[in-house]
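Here the structure comes first, spelled out in structure tokens, and everything after it is commentary.
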Amino acid sequence: MKTKIISLLLCVGMVCACNNMQKGAGIGAAGGAVLGGIIGHIAGNTAIGAAVGGAVGAGAGAIIGKKMDKAKAEAEAVKNAQVESVTDANGLDAVKVTFDSGILFATNKADLSATAKNSLAQFAQVLNNNKDMDIAIIGHTDNTGSDAINQPLSVSRANSVNNYLKSCGVSSSQIKSVEGQGSSNPVADNSTKAGRQQNRRVEVYMYASQKMIEDAQAQAN
């Protein structure tokens, strides 16, 4: 059992060491979808992106990966944004941008702060530069209080980010889902103050749209 766990961790570590273009080619190849699913599960984002019919080829995966590299670099320039590479439901490269709710909102509030608006205005430009990517917005809380409070608060915060991005020119058709998950998907230990702060967040995912996948497949053929 220990050998299997070590092998899995080594496998994931090797993939994470690659850049998005290399990952895109590998994940797009036959059998790569399984590995992509493992990575997506670890990242907690397997539900991001509607599954497409049929396998996405290695060439198309590499093209999408290269575009995601560019979008990630743009997002990394946004103040207060934490940016990382993840995979979507199709095992394709995607970009996850996290904003700490301490920057976005006052405690137990869903009204955006001035600092948040400045950061989101910058991020809106990134989204407008990548209109062929779909967007998912997810709000999260720590486990302080009850689900009766945390769940609607996480939804309200996700909606606040959604509405402000749209006010900055992001198309509503590009934003495919807006939801709150309350305290059900922590990324840190809720028993510590630092962990709870990390869990209070809004995540925005940029992932390949159906058209982007079709265009990449056509370009690769």
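To be explicit about the labels: the chains of the structure tokens are called A, B, and onward in the order shown, and within each one the residues are counted from 1, while ligands get numbers from 1 in the order they are shown.
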
From a backbone DSSP assignment, name each residue in stretch 48-214 of chain A labelled strand (DSSP E), as a CSV table (one decimal) with all heavy atoms, in the first residue's frame.
chain,number,residue,atom,x,y,z
A,81,ALA,N,-4.2,38.5,-6.0
A,81,ALA,CA,-4.7,37.2,-6.6
A,81,ALA,C,-3.7,36.1,-6.4
A,81,ALA,O,-2.5,36.3,-6.6
A,81,ALA,CB,-4.9,37.4,-8.1
A,82,GLN,N,-4.2,34.9,-6.0
A,82,GLN,CA,-3.3,33.7,-5.9
A,82,GLN,C,-3.7,32.9,-7.1
A,82,GLN,O,-4.8,32.5,-7.2
A,82,GLN,CB,-3.6,33.0,-4.6
A,82,GLN,CG,-3.4,33.8,-3.3
A,82,GLN,CD,-3.9,33.1,-2.1
A,82,GLN,OE1,-3.9,31.9,-2.0
A,82,GLN,NE2,-4.3,33.9,-1.1
A,83,VAL,N,-2.7,32.6,-7.9
A,83,VAL,CA,-3.0,31.9,-9.2
A,83,VAL,C,-2.3,30.6,-9.2
A,83,VAL,O,-1.1,30.4,-8.8
A,83,VAL,CB,-2.5,32.8,-10.3
A,83,VAL,CG1,-2.9,32.2,-11.7
A,83,VAL,CG2,-3.1,34.2,-10.2
A,84,GLU,N,-3.0,29.6,-9.7
A,84,GLU,CA,-2.3,28.2,-9.9
A,84,GLU,C,-2.9,27.5,-11.1
A,84,GLU,O,-4.0,27.8,-11.5
A,84,GLU,CB,-2.5,27.4,-8.6
A,84,GLU,CG,-3.9,27.2,-8.2
A,84,GLU,CD,-4.1,26.5,-6.8
A,84,GLU,OE1,-3.6,25.4,-6.7
A,84,GLU,OE2,-4.6,27.1,-5.9
A,85,SER,N,-2.2,26.5,-11.6
A,85,SER,CA,-2.7,25.7,-12.7
A,85,SER,C,-3.4,24.5,-12.1
A,85,SER,O,-2.9,23.9,-11.1
A,85,SER,CB,-1.5,25.2,-13.5
A,85,SER,OG,-0.8,26.3,-14.1
A,86,VAL,N,-4.6,24.2,-12.7
A,86,VAL,CA,-5.3,23.0,-12.3
A,86,VAL,C,-5.8,22.3,-13.5
A,86,VAL,O,-5.4,22.7,-14.7
A,86,VAL,CB,-6.5,23.4,-11.4
A,86,VAL,CG1,-6.1,24.0,-10.1
A,86,VAL,CG2,-7.4,24.4,-12.1
A,87,THR,N,-6.6,21.3,-13.4
A,87,THR,CA,-7.2,20.6,-14.6
A,87,THR,C,-8.8,20.6,-14.4
A,87,THR,O,-9.3,20.7,-13.3
A,87,THR,CB,-6.8,19.2,-14.7
A,87,THR,OG1,-7.0,18.5,-13.5
A,87,THR,CG2,-5.3,19.1,-15.0
A,93,ASP,N,-5.9,21.6,-19.1
A,93,ASP,CA,-5.4,22.6,-18.3
A,93,ASP,C,-6.4,23.7,-18.1
A,93,ASP,O,-7.1,24.1,-19.0
A,93,ASP,CB,-4.1,23.2,-18.9
A,93,ASP,CG,-3.0,22.2,-19.0
A,93,ASP,OD1,-2.7,21.6,-18.0
A,93,ASP,OD2,-2.4,22.0,-20.1
A,94,ALA,N,-6.4,24.3,-16.9
A,94,ALA,CA,-7.3,25.4,-16.5
A,94,ALA,C,-6.5,26.3,-15.5
A,94,ALA,O,-5.4,25.9,-15.1
A,94,ALA,CB,-8.6,24.9,-15.9
A,95,VAL,N,-7.0,27.4,-15.2
A,95,VAL,CA,-6.4,28.4,-14.3
A,95,VAL,C,-7.3,28.7,-13.1
A,95,VAL,O,-8.5,29.0,-13.4
A,95,VAL,CB,-6.0,29.7,-15.0
A,95,VAL,CG1,-5.4,30.7,-14.0
A,95,VAL,CG2,-5.0,29.4,-16.1
A,96,LYS,N,-6.8,28.6,-11.9
A,96,LYS,CA,-7.6,28.8,-10.7
A,96,LYS,C,-7.1,30.1,-10.1
A,96,LYS,O,-5.9,30.2,-9.8
A,96,LYS,CB,-7.5,27.7,-9.8
A,96,LYS,CG,-8.2,27.9,-8.4
A,96,LYS,CD,-7.9,26.7,-7.5
A,96,LYS,CE,-8.4,26.9,-6.1
A,96,LYS,NZ,-8.1,25.7,-5.2
A,97,VAL,N,-7.9,31.1,-9.9
A,97,VAL,CA,-7.5,32.4,-9.3
A,97,VAL,C,-8.3,32.5,-8.0
A,97,VAL,O,-9.6,32.5,-8.0
A,97,VAL,CB,-7.8,33.6,-10.2
A,97,VAL,CG1,-7.4,34.9,-9.6
A,97,VAL,CG2,-7.1,33.4,-11.5
A,98,THR,N,-7.6,32.7,-6.9
A,98,THR,CA,-8.2,32.7,-5.5
A,98,THR,C,-8.0,34.1,-4.9
A,98,THR,O,-6.9,34.7,-4.9
A,98,THR,CB,-7.6,31.7,-4.6
A,98,THR,OG1,-7.8,30.4,-5.2
A,98,THR,CG2,-8.4,31.7,-3.2
A,99,PHE,N,-9.1,34.7,-4.4
A,99,PHE,CA,-9.1,35.9,-3.7
A,99,PHE,C,-9.5,35.7,-2.3
A,99,PHE,O,-10.6,35.1,-2.0
A,99,PHE,CB,-10.1,36.9,-4.3
A,99,PHE,CG,-9.7,37.4,-5.7
A,99,PHE,CD1,-10.2,36.7,-6.8
A,99,PHE,CD2,-8.8,38.4,-5.9
A,99,PHE,CE1,-9.8,37.1,-8.1
A,99,PHE,CE2,-8.4,38.8,-7.2
A,99,PHE,CZ,-8.9,38.2,-8.3
A,100,ASP,N,-8.6,36.0,-1.3
A,100,ASP,CA,-8.9,35.9,0.1
A,100,ASP,C,-10.1,36.8,0.5
A,100,ASP,O,-10.1,38.0,0.1
A,100,ASP,CB,-7.7,36.3,0.9
A,100,ASP,CG,-7.8,36.0,2.4
A,100,ASP,OD1,-8.9,36.3,2.9
A,100,ASP,OD2,-6.8,35.6,3.0
A,133,MET,N,-12.4,31.6,-23.1
A,133,MET,CA,-12.4,30.7,-21.9
A,133,MET,C,-13.7,30.9,-21.1
A,133,MET,O,-14.2,32.0,-21.0
A,133,MET,CB,-11.2,31.1,-21.0
A,133,MET,CG,-9.9,30.8,-21.7
A,133,MET,SD,-8.5,31.2,-20.6
A,133,MET,CE,-7.1,31.0,-21.8
A,134,ASP,N,-14.2,29.8,-20.6
A,134,ASP,CA,-15.4,29.9,-19.8
A,134,ASP,C,-14.9,30.2,-18.3
A,134,ASP,O,-13.8,30.0,-18.0
A,134,ASP,CB,-16.2,28.6,-19.8
A,134,ASP,CG,-17.0,28.5,-21.1
A,134,ASP,OD1,-17.2,29.5,-21.8
A,134,ASP,OD2,-17.4,27.4,-21.4
A,135,ILE,N,-15.9,30.7,-17.5
A,135,ILE,CA,-15.6,31.1,-16.1
A,135,ILE,C,-16.5,30.4,-15.2
A,135,ILE,O,-17.7,30.4,-15.4
A,135,ILE,CB,-15.6,32.6,-16.0
A,135,ILE,CG1,-14.7,33.3,-17.0
A,135,ILE,CG2,-15.3,33.0,-14.6
A,135,ILE,CD1,-14.9,34.7,-17.2
A,136,ALA,N,-16.0,30.0,-14.0
A,136,ALA,CA,-16.8,29.5,-12.9
A,136,ALA,C,-16.4,30.2,-11.7
A,136,ALA,O,-15.2,30.4,-11.4
A,136,ALA,CB,-16.7,28.0,-12.7
A,137,ILE,N,-17.4,30.7,-10.9
A,137,ILE,CA,-17.1,31.5,-9.6
A,137,ILE,C,-17.7,30.7,-8.5
A,137,ILE,O,-18.8,30.3,-8.5
A,137,ILE,CB,-17.7,32.9,-9.7
A,137,ILE,CG1,-17.1,33.6,-10.9
A,137,ILE,CG2,-17.4,33.6,-8.4
A,137,ILE,CD1,-17.8,35.0,-11.2
A,138,ILE,N,-16.8,30.4,-7.4
A,138,ILE,CA,-17.3,29.7,-6.3
A,138,ILE,C,-16.9,30.4,-5.0
A,138,ILE,O,-15.7,30.7,-4.8
A,138,ILE,CB,-16.7,28.2,-6.3
A,138,ILE,CG1,-17.0,27.5,-7.6
A,138,ILE,CG2,-17.2,27.4,-5.1
A,138,ILE,CD1,-16.3,26.2,-7.7
A,139,GLY,N,-17.8,30.6,-4.1
A,139,GLY,CA,-17.6,31.2,-2.8
A,139,GLY,C,-17.4,30.2,-1.7
A,139,GLY,O,-18.1,29.1,-1.8
A,140,HIS,N,-16.6,30.4,-0.8
A,140,HIS,CA,-16.3,29.5,0.3
A,140,HIS,C,-16.3,30.2,1.7
A,140,HIS,O,-15.9,31.4,1.7
A,140,HIS,CB,-15.0,28.7,0.1
A,140,HIS,CG,-14.9,28.0,-1.2
A,140,HIS,ND1,-15.3,26.7,-1.3
A,140,HIS,CD2,-14.5,28.3,-2.4
A,140,HIS,CE1,-15.1,26.2,-2.5
A,140,HIS,NE2,-14.6,27.3,-3.2
A,175,ILE,N,-19.5,33.7,-18.1
A,175,ILE,CA,-19.6,33.2,-16.8
A,175,ILE,C,-20.6,32.1,-16.7
A,175,ILE,O,-21.8,32.3,-16.8
A,175,ILE,CB,-19.9,34.3,-15.8
A,175,ILE,CG1,-18.8,35.4,-15.8
A,175,ILE,CG2,-20.0,33.8,-14.4
A,175,ILE,CD1,-19.2,36.7,-15.0
A,176,LYS,N,-20.2,30.9,-16.7
A,176,LYS,CA,-21.1,29.7,-16.8
A,176,LYS,C,-21.7,29.3,-15.5
A,176,LYS,O,-22.8,28.7,-15.5
A,176,LYS,CB,-20.3,28.5,-17.4
A,176,LYS,CG,-19.7,28.8,-18.8
A,176,LYS,CD,-20.9,29.2,-19.8
A,176,LYS,CE,-20.3,29.4,-21.2
A,176,LYS,NZ,-21.4,29.9,-22.1
A,177,SER,N,-21.1,29.5,-14.4
A,177,SER,CA,-21.6,29.1,-13.1
A,177,SER,C,-21.2,30.0,-12.0
A,177,SER,O,-20.0,30.5,-12.0
A,177,SER,CB,-21.3,27.7,-12.8
A,177,SER,OG,-19.9,27.5,-12.7
A,178,VAL,N,-22.1,30.3,-11.1
A,178,VAL,CA,-21.8,31.1,-9.9
A,178,VAL,C,-22.5,30.3,-8.7
A,178,VAL,O,-23.7,30.1,-8.7
A,178,VAL,CB,-22.4,32.5,-10.0
A,178,VAL,CG1,-22.1,33.3,-8.7
A,178,VAL,CG2,-21.9,33.2,-11.2
A,179,GLU,N,-21.7,29.9,-7.7
A,179,GLU,CA,-22.2,29.1,-6.7
A,179,GLU,C,-21.5,29.3,-5.4
A,179,GLU,O,-20.4,29.9,-5.3
A,179,GLU,CB,-22.2,27.6,-7.0
A,179,GLU,CG,-20.8,27.1,-7.2
A,179,GLU,CD,-20.8,25.6,-7.5
A,179,GLU,OE1,-21.1,24.8,-6.5
A,179,GLU,OE2,-20.4,25.2,-8.6
A,180,GLY,N,-22.1,28.9,-4.3
A,180,GLY,CA,-21.4,28.9,-3.0
A,180,GLY,C,-21.4,27.5,-2.4
A,180,GLY,O,-22.3,26.7,-2.6
A,201,ARG,N,-12.8,32.4,1.1
A,201,ARG,CA,-12.2,32.8,-0.1
A,201,ARG,C,-13.3,32.7,-1.2
A,201,ARG,O,-14.3,32.1,-1.1
A,201,ARG,CB,-11.1,31.9,-0.5
A,201,ARG,CG,-11.5,30.4,-0.8
A,201,ARG,CD,-10.4,29.4,-0.7
A,201,ARG,NE,-10.8,28.1,-1.2
A,201,ARG,CZ,-11.6,27.2,-0.5
A,201,ARG,NH1,-12.0,27.5,0.7
A,201,ARG,NH2,-11.9,26.1,-1.0
A,202,VAL,N,-12.9,33.4,-2.4
A,202,VAL,CA,-13.7,33.2,-3.6
A,202,VAL,C,-12.8,32.8,-4.7
A,202,VAL,O,-11.7,33.3,-4.9
A,202,VAL,CB,-14.4,34.5,-4.0
A,202,VAL,CG1,-15.1,34.4,-5.4
A,202,VAL,CG2,-15.4,35.0,-3.0
A,203,GLU,N,-13.1,31.7,-5.4
A,203,GLU,CA,-12.3,31.1,-6.4
A,203,GLU,C,-12.9,31.4,-7.8
A,203,GLU,O,-14.1,31.3,-7.9
A,203,GLU,CB,-12.1,29.6,-6.3
A,203,GLU,CG,-11.4,29.2,-5.0
A,203,GLU,CD,-11.5,27.7,-4.7
A,203,GLU,OE1,-12.4,27.0,-5.3
A,203,GLU,OE2,-10.8,27.2,-3.8
A,204,VAL,N,-12.1,31.8,-8.7
A,204,VAL,CA,-12.6,32.0,-10.1
A,204,VAL,C,-11.7,31.0,-11.0
A,204,VAL,O,-10.5,31.1,-11.0
A,204,VAL,CB,-12.4,33.4,-10.6
A,204,VAL,CG1,-13.0,33.6,-12.0
A,204,VAL,CG2,-13.1,34.4,-9.6
A,205,TYR,N,-12.4,30.2,-11.7
A,205,TYR,CA,-11.8,29.2,-12.6
A,205,TYR,C,-11.9,29.7,-14.1
A,205,TYR,O,-13.0,30.1,-14.5
A,205,TYR,CB,-12.4,27.8,-12.5
A,205,TYR,CG,-12.1,27.2,-11.2
A,205,TYR,CD1,-12.9,27.4,-10.1
A,205,TYR,CD2,-11.0,26.3,-11.0
A,205,TYR,CE1,-12.7,26.8,-8.9
A,205,TYR,CE2,-10.7,25.7,-9.8
A,205,TYR,CZ,-11.6,25.9,-8.7
A,205,TYR,OH,-11.3,25.3,-7.5
A,206,MET,N,-10.8,29.6,-14.8
A,206,MET,CA,-10.8,29.9,-16.2
A,206,MET,C,-10.5,28.6,-16.9
A,206,MET,O,-9.4,28.0,-16.7
A,206,MET,CB,-9.7,30.9,-16.6
A,206,MET,CG,-9.9,32.3,-15.8
A,206,MET,SD,-8.4,33.3,-16.0
A,206,MET,CE,-8.5,33.7,-17.8
A,207,TYR,N,-11.4,28.1,-17.8
A,207,TYR,CA,-11.2,26.8,-18.4
A,207,TYR,C,-11.7,26.8,-19.8
A,207,TYR,O,-12.4,27.8,-20.3
A,207,TYR,CB,-12.0,25.7,-17.6
A,207,TYR,CG,-13.5,25.9,-17.5
A,207,TYR,CD1,-14.3,25.3,-18.4
A,207,TYR,CD2,-14.0,26.7,-16.5
A,207,TYR,CE1,-15.7,25.5,-18.3
A,207,TYR,CE2,-15.4,26.9,-16.4
A,207,TYR,CZ,-16.2,26.3,-17.3
A,207,TYR,OH,-17.6,26.5,-17.2
A,208,ALA,N,-11.3,25.8,-20.6
A,208,ALA,CA,-11.5,25.8,-22.0
A,208,ALA,C,-13.0,25.7,-22.3
A,208,ALA,O,-13.7,24.8,-21.8
A,208,ALA,CB,-10.8,24.7,-22.7

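Summary of the local environment: counting only C-alpha atoms, residues at most 12 Å from A:Ser119, other than itself and those fewer than 4 positions away along its chain, are Ala75, Glu76, Ala77, Val78, Lys79, Asn80, Ala81, Gln82, Val97, Thr98, Phe99, Asp100, Ile103, Leu104, Leu112, Ser113, Ala114, Thr115, Phe123, Ala124, Gln125, Val126, Val161, Tyr164, Leu165 and Cys168 of chain A.
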
For the selection you just gave me, I'd like the residues written to a file as an mmCIF file, in the first residue's frame, keeping N, CA, C and O atoms.
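result_4.cif written:
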data_model
loop_
_atom_site.group_PDB
_atom_site.id
_atom_site.type_symbol
_atom_site.label_atom_id
_atom_site.label_comp_id
_atom_site.auth_asym_id
_atom_site.auth_seq_id
_atom_site.Cartn_x
_atom_site.Cartn_y
_atom_site.Cartn_z
ATOM 1 N N ALA A 75 -2.923 36.718 -15.175
ATOM 2 C CA ALA A 75 -3.614 36.722 -13.880
ATOM 3 C C ALA A 75 -2.633 36.938 -12.732
ATOM 4 O O ALA A 75 -2.978 37.539 -11.705
ATOM 5 N N GLU A 76 -1.416 36.451 -12.885
ATOM 6 C CA GLU A 76 -0.413 36.597 -11.823
ATOM 7 C C GLU A 76 -0.029 38.052 -11.585
ATOM 8 O O GLU A 76 0.516 38.391 -10.532
ATOM 9 N N ALA A 77 -0.325 38.914 -12.545
ATOM 10 C CA ALA A 77 -0.022 40.339 -12.390
ATOM 11 C C ALA A 77 -1.117 41.074 -11.621
ATOM 12 O O ALA A 77 -0.947 42.252 -11.278
ATOM 13 N N VAL A 78 -2.233 40.401 -11.350
ATOM 14 C CA VAL A 78 -3.347 41.028 -10.624
ATOM 15 C C VAL A 78 -3.033 41.087 -9.138
ATOM 16 O O VAL A 78 -2.675 40.076 -8.524
ATOM 17 N N LYS A 79 -3.173 42.261 -8.552
ATOM 18 C CA LYS A 79 -2.864 42.446 -7.140
ATOM 19 C C LYS A 79 -3.813 41.622 -6.270
ATOM 20 O O LYS A 79 -5.016 41.573 -6.513
ATOM 21 N N ASN A 80 -3.276 40.963 -5.264
ATOM 22 C CA ASN A 80 -4.020 40.166 -4.278
ATOM 23 C C ASN A 80 -4.584 38.854 -4.828
ATOM 24 O O ASN A 80 -5.373 38.198 -4.154
ATOM 25 N N ALA A 81 -4.191 38.470 -6.025
ATOM 26 C CA ALA A 81 -4.684 37.220 -6.615
ATOM 27 C C ALA A 81 -3.672 36.094 -6.399
ATOM 28 O O ALA A 81 -2.476 36.276 -6.615
ATOM 29 N N GLN A 82 -4.159 34.948 -5.971
ATOM 30 C CA GLN A 82 -3.339 33.740 -5.875
ATOM 31 C C GLN A 82 -3.681 32.862 -7.071
ATOM 32 O O GLN A 82 -4.837 32.479 -7.244
ATOM 33 N N VAL A 97 -7.933 31.107 -9.889
ATOM 34 C CA VAL A 97 -7.539 32.371 -9.270
ATOM 35 C C VAL A 97 -8.323 32.517 -7.968
ATOM 36 O O VAL A 97 -9.556 32.488 -7.980
ATOM 37 N N THR A 98 -7.608 32.653 -6.861
ATOM 38 C CA THR A 98 -8.245 32.728 -5.547
ATOM 39 C C THR A 98 -8.048 34.111 -4.940
ATOM 40 O O THR A 98 -6.940 34.652 -4.946
ATOM 41 N N PHE A 99 -9.145 34.659 -4.420
ATOM 42 C CA PHE A 99 -9.097 35.928 -3.705
ATOM 43 C C PHE A 99 -9.502 35.661 -2.252
ATOM 44 O O PHE A 99 -10.596 35.144 -1.992
ATOM 45 N N ASP A 100 -8.641 36.026 -1.329
ATOM 46 C CA ASP A 100 -8.917 35.880 0.095
ATOM 47 C C ASP A 100 -10.095 36.770 0.471
ATOM 48 O O ASP A 100 -10.122 37.952 0.136
ATOM 49 N N ILE A 103 -9.635 40.195 1.978
ATOM 50 C CA ILE A 103 -9.361 41.301 1.067
ATOM 51 C C ILE A 103 -10.662 41.767 0.416
ATOM 52 O O ILE A 103 -10.891 42.958 0.222
ATOM 53 N N LEU A 104 -11.524 40.828 0.120
ATOM 54 C CA LEU A 104 -12.755 41.144 -0.615
ATOM 55 C C LEU A 104 -13.831 41.763 0.263
ATOM 56 O O LEU A 104 -14.520 42.700 -0.141
ATOM 57 N N LEU A 112 -18.312 44.288 -1.457
ATOM 58 C CA LEU A 112 -16.913 44.349 -1.848
ATOM 59 C C LEU A 112 -16.226 45.588 -1.290
ATOM 60 O O LEU A 112 -16.785 46.688 -1.306
ATOM 61 N N SER A 113 -14.998 45.403 -0.821
ATOM 62 C CA SER A 113 -14.202 46.525 -0.334
ATOM 63 C C SER A 113 -13.601 47.279 -1.514
ATOM 64 O O SER A 113 -13.600 46.792 -2.656
ATOM 65 N N ALA A 114 -13.069 48.474 -1.250
ATOM 66 C CA ALA A 114 -12.425 49.261 -2.310
ATOM 67 C C ALA A 114 -11.216 48.523 -2.868
ATOM 68 O O ALA A 114 -10.970 48.522 -4.083
ATOM 69 N N THR A 115 -10.470 47.871 -1.983
ATOM 70 C CA THR A 115 -9.309 47.088 -2.424
ATOM 71 C C THR A 115 -9.744 45.963 -3.349
ATOM 72 O O THR A 115 -9.108 45.690 -4.371
ATOM 73 N N PHE A 123 -8.517 42.081 -12.783
ATOM 74 C CA PHE A 123 -8.786 40.706 -13.202
ATOM 75 C C PHE A 123 -9.803 40.670 -14.349
ATOM 76 O O PHE A 123 -9.707 39.817 -15.237
ATOM 77 N N ALA A 124 -10.752 41.580 -14.338
ATOM 78 C CA ALA A 124 -11.734 41.648 -15.420
ATOM 79 C C ALA A 124 -11.042 41.844 -16.762
ATOM 80 O O ALA A 124 -11.472 41.289 -17.786
ATOM 81 N N GLN A 125 -9.972 42.624 -16.778
ATOM 82 C CA GLN A 125 -9.238 42.840 -18.019
ATOM 83 C C GLN A 125 -8.615 41.544 -18.514
ATOM 84 O O GLN A 125 -8.573 41.276 -19.720
ATOM 85 N N VAL A 126 -8.131 40.715 -17.574
ATOM 86 C CA VAL A 126 -7.578 39.412 -17.946
ATOM 87 C C VAL A 126 -8.665 38.552 -18.597
ATOM 88 O O VAL A 126 -8.437 37.916 -19.638
ATOM 89 N N VAL A 161 -18.865 39.056 -6.525
ATOM 90 C CA VAL A 161 -17.743 39.018 -7.459
ATOM 91 C C VAL A 161 -18.259 38.937 -8.891
ATOM 92 O O VAL A 161 -17.776 39.652 -9.787
ATOM 93 N N TYR A 164 -19.695 42.337 -10.011
ATOM 94 C CA TYR A 164 -18.697 43.384 -10.236
ATOM 95 C C TYR A 164 -17.882 43.112 -11.496
ATOM 96 O O TYR A 164 -17.567 44.038 -12.255
ATOM 97 N N LEU A 165 -17.541 41.856 -11.739
ATOM 98 C CA LEU A 165 -16.825 41.519 -12.972
ATOM 99 C C LEU A 165 -17.652 41.906 -14.195
ATOM 100 O O LEU A 165 -17.115 42.445 -15.169
ATOM 101 N N CYS A 168 -17.555 45.444 -14.972
ATOM 102 C CA CYS A 168 -16.274 45.831 -15.579
ATOM 103 C C CYS A 168 -16.155 45.341 -17.023
ATOM 104 O O CYS A 168 -15.060 45.379 -17.600
#

**Item:** Within 12 Å of A:Asp142 using only C-alpha atoms, minus same-chain residues under 3 positions, as a PyMOL selection string
**Value:** chain A and resi 100-102+107-108+139+145-147+149-151+153-154+181-202

Save out the residues we just selected, N, CA and C atoms, as a short mmCIF file (atom, residue, chain, number, x, y, z; two decimals), in the first residue's frame.
data_model
loop_
_atom_site.label_atom_id
_atom_site.label_comp_id
_atom_site.auth_asym_id
_atom_site.auth_seq_id
_atom_site.Cartn_x
_atom_site.Cartn_y
_atom_site.Cartn_z
N ASP A 100 -8.64 36.03 -1.33
CA ASP A 100 -8.92 35.88 0.09
C ASP A 100 -10.09 36.77 0.47
N SER A 101 -11.09 36.22 1.15
CA SER A 101 -12.27 37.02 1.48
C SER A 101 -11.95 38.16 2.44
N GLY A 102 -10.81 38.05 3.16
CA GLY A 102 -10.39 39.14 4.02
C GLY A 102 -10.04 40.39 3.22
N THR A 107 -15.95 41.09 7.73
CA THR A 107 -16.44 39.87 8.38
C THR A 107 -17.95 39.75 8.28
N ASN A 108 -18.39 38.58 7.81
CA ASN A 108 -19.82 38.26 7.69
C ASN A 108 -20.58 39.17 6.72
N GLY A 139 -17.84 30.61 -4.12
CA GLY A 139 -17.57 31.22 -2.83
C GLY A 139 -17.44 30.16 -1.75
N GLY A 145 -19.68 29.01 12.86
CA GLY A 145 -21.11 29.22 12.68
C GLY A 145 -21.77 28.02 12.02
N SER A 146 -23.01 28.19 11.63
CA SER A 146 -23.79 27.09 11.07
C SER A 146 -23.86 27.16 9.56
N ASP A 147 -24.23 26.04 8.95
CA ASP A 147 -24.42 26.00 7.51
C ASP A 147 -25.55 26.93 7.08
N ILE A 149 -25.99 29.81 7.98
CA ILE A 149 -25.40 31.14 7.77
C ILE A 149 -24.33 31.07 6.67
N ASN A 150 -23.48 30.06 6.74
CA ASN A 150 -22.33 29.99 5.84
C ASN A 150 -22.70 29.76 4.39
N GLN A 151 -23.69 28.89 4.15
CA GLN A 151 -24.04 28.59 2.77
C GLN A 151 -24.57 29.82 2.01
N LEU A 153 -24.11 32.91 2.75
CA LEU A 153 -23.05 33.91 2.71
C LEU A 153 -22.08 33.62 1.57
N SER A 154 -21.73 32.35 1.39
CA SER A 154 -20.82 31.98 0.31
C SER A 154 -21.43 32.27 -1.05
N GLN A 181 -20.28 27.17 -1.77
CA GLN A 181 -20.12 25.83 -1.19
C GLN A 181 -20.00 25.88 0.33
N GLY A 182 -20.30 27.05 0.92
CA GLY A 182 -20.24 27.15 2.37
C GLY A 182 -18.88 26.74 2.91
N SER A 183 -18.89 25.87 3.92
CA SER A 183 -17.64 25.40 4.52
C SER A 183 -17.29 23.98 4.08
N SER A 184 -17.95 23.49 3.04
CA SER A 184 -17.81 22.07 2.66
C SER A 184 -16.53 21.73 1.93
N ASN A 185 -15.77 22.71 1.48
CA ASN A 185 -14.57 22.42 0.69
C ASN A 185 -13.37 23.22 1.21
N PRO A 186 -12.91 22.93 2.44
CA PRO A 186 -11.78 23.67 3.00
C PRO A 186 -10.47 23.34 2.29
N VAL A 187 -9.56 24.30 2.29
CA VAL A 187 -8.22 24.07 1.74
C VAL A 187 -7.17 24.10 2.84
N ALA A 188 -7.59 24.39 4.06
CA ALA A 188 -6.66 24.47 5.20
C ALA A 188 -7.38 24.02 6.47
N ASP A 189 -6.65 23.95 7.55
CA ASP A 189 -7.15 23.46 8.83
C ASP A 189 -8.04 24.51 9.51
N ASN A 190 -9.31 24.19 9.68
CA ASN A 190 -10.24 25.12 10.31
C ASN A 190 -10.01 25.30 11.81
N SER A 191 -9.13 24.49 12.39
CA SER A 191 -8.89 24.61 13.83
C SER A 191 -7.92 25.74 14.16
N THR A 192 -7.32 26.35 13.14
CA THR A 192 -6.39 27.46 13.36
C THR A 192 -6.92 28.73 12.71
N LYS A 193 -6.52 29.88 13.24
CA LYS A 193 -6.94 31.16 12.70
C LYS A 193 -6.45 31.34 11.27
N ALA A 194 -5.18 30.97 11.03
CA ALA A 194 -4.61 31.08 9.69
C ALA A 194 -5.33 30.18 8.70
N GLY A 195 -5.69 28.97 9.15
CA GLY A 195 -6.42 28.05 8.28
C GLY A 195 -7.79 28.56 7.93
N ARG A 196 -8.49 29.09 8.92
CA ARG A 196 -9.83 29.63 8.66
C ARG A 196 -9.77 30.79 7.67
N GLN A 197 -8.73 31.60 7.79
CA GLN A 197 -8.58 32.73 6.87
C GLN A 197 -8.42 32.23 5.43
N GLN A 198 -7.64 31.18 5.25
CA GLN A 198 -7.46 30.61 3.91
C GLN A 198 -8.76 30.03 3.37
N ASN A 199 -9.57 29.48 4.23
CA ASN A 199 -10.83 28.86 3.80
C ASN A 199 -11.89 29.88 3.40
N ARG A 200 -11.78 31.09 3.93
CA ARG A 200 -12.72 32.17 3.55
C ARG A 200 -12.21 32.79 2.26
N ARG A 201 -12.80 32.39 1.14
CA ARG A 201 -12.23 32.79 -0.15
C ARG A 201 -13.28 32.75 -1.25
N VAL A 202 -12.94 33.37 -2.37
CA VAL A 202 -13.72 33.22 -3.60
C VAL A 202 -12.75 32.75 -4.68
#

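Interatomic distance, atom CA of A:Lys67 against atom CA of A:Gln210: 14.5 Å.
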
**Request:** Check stretch 50-131 of chain A with DSSP on the backbone and list each residue it calls helix (DSSP H, G or I), as a VMD selection string.
**Result:** chain A and resid 58 to 76 101 to 104 114 to 129

**Prompt:** Pick the closest to A:Leu92 from A:Ala116, A:Gly169, A:Thr141, A:Lys66: which is it, counting only C-alpha atoms?
**Reply:**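 Between A:Ala116, A:Gly169, A:Thr141, A:Lys66, the residue approaching A:Leu92 most closely is A:Lys66.
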
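For the pair atom CA of A:Ile64 and atom CA of A:Ala158, the interatomic distance is 26.6 Å.
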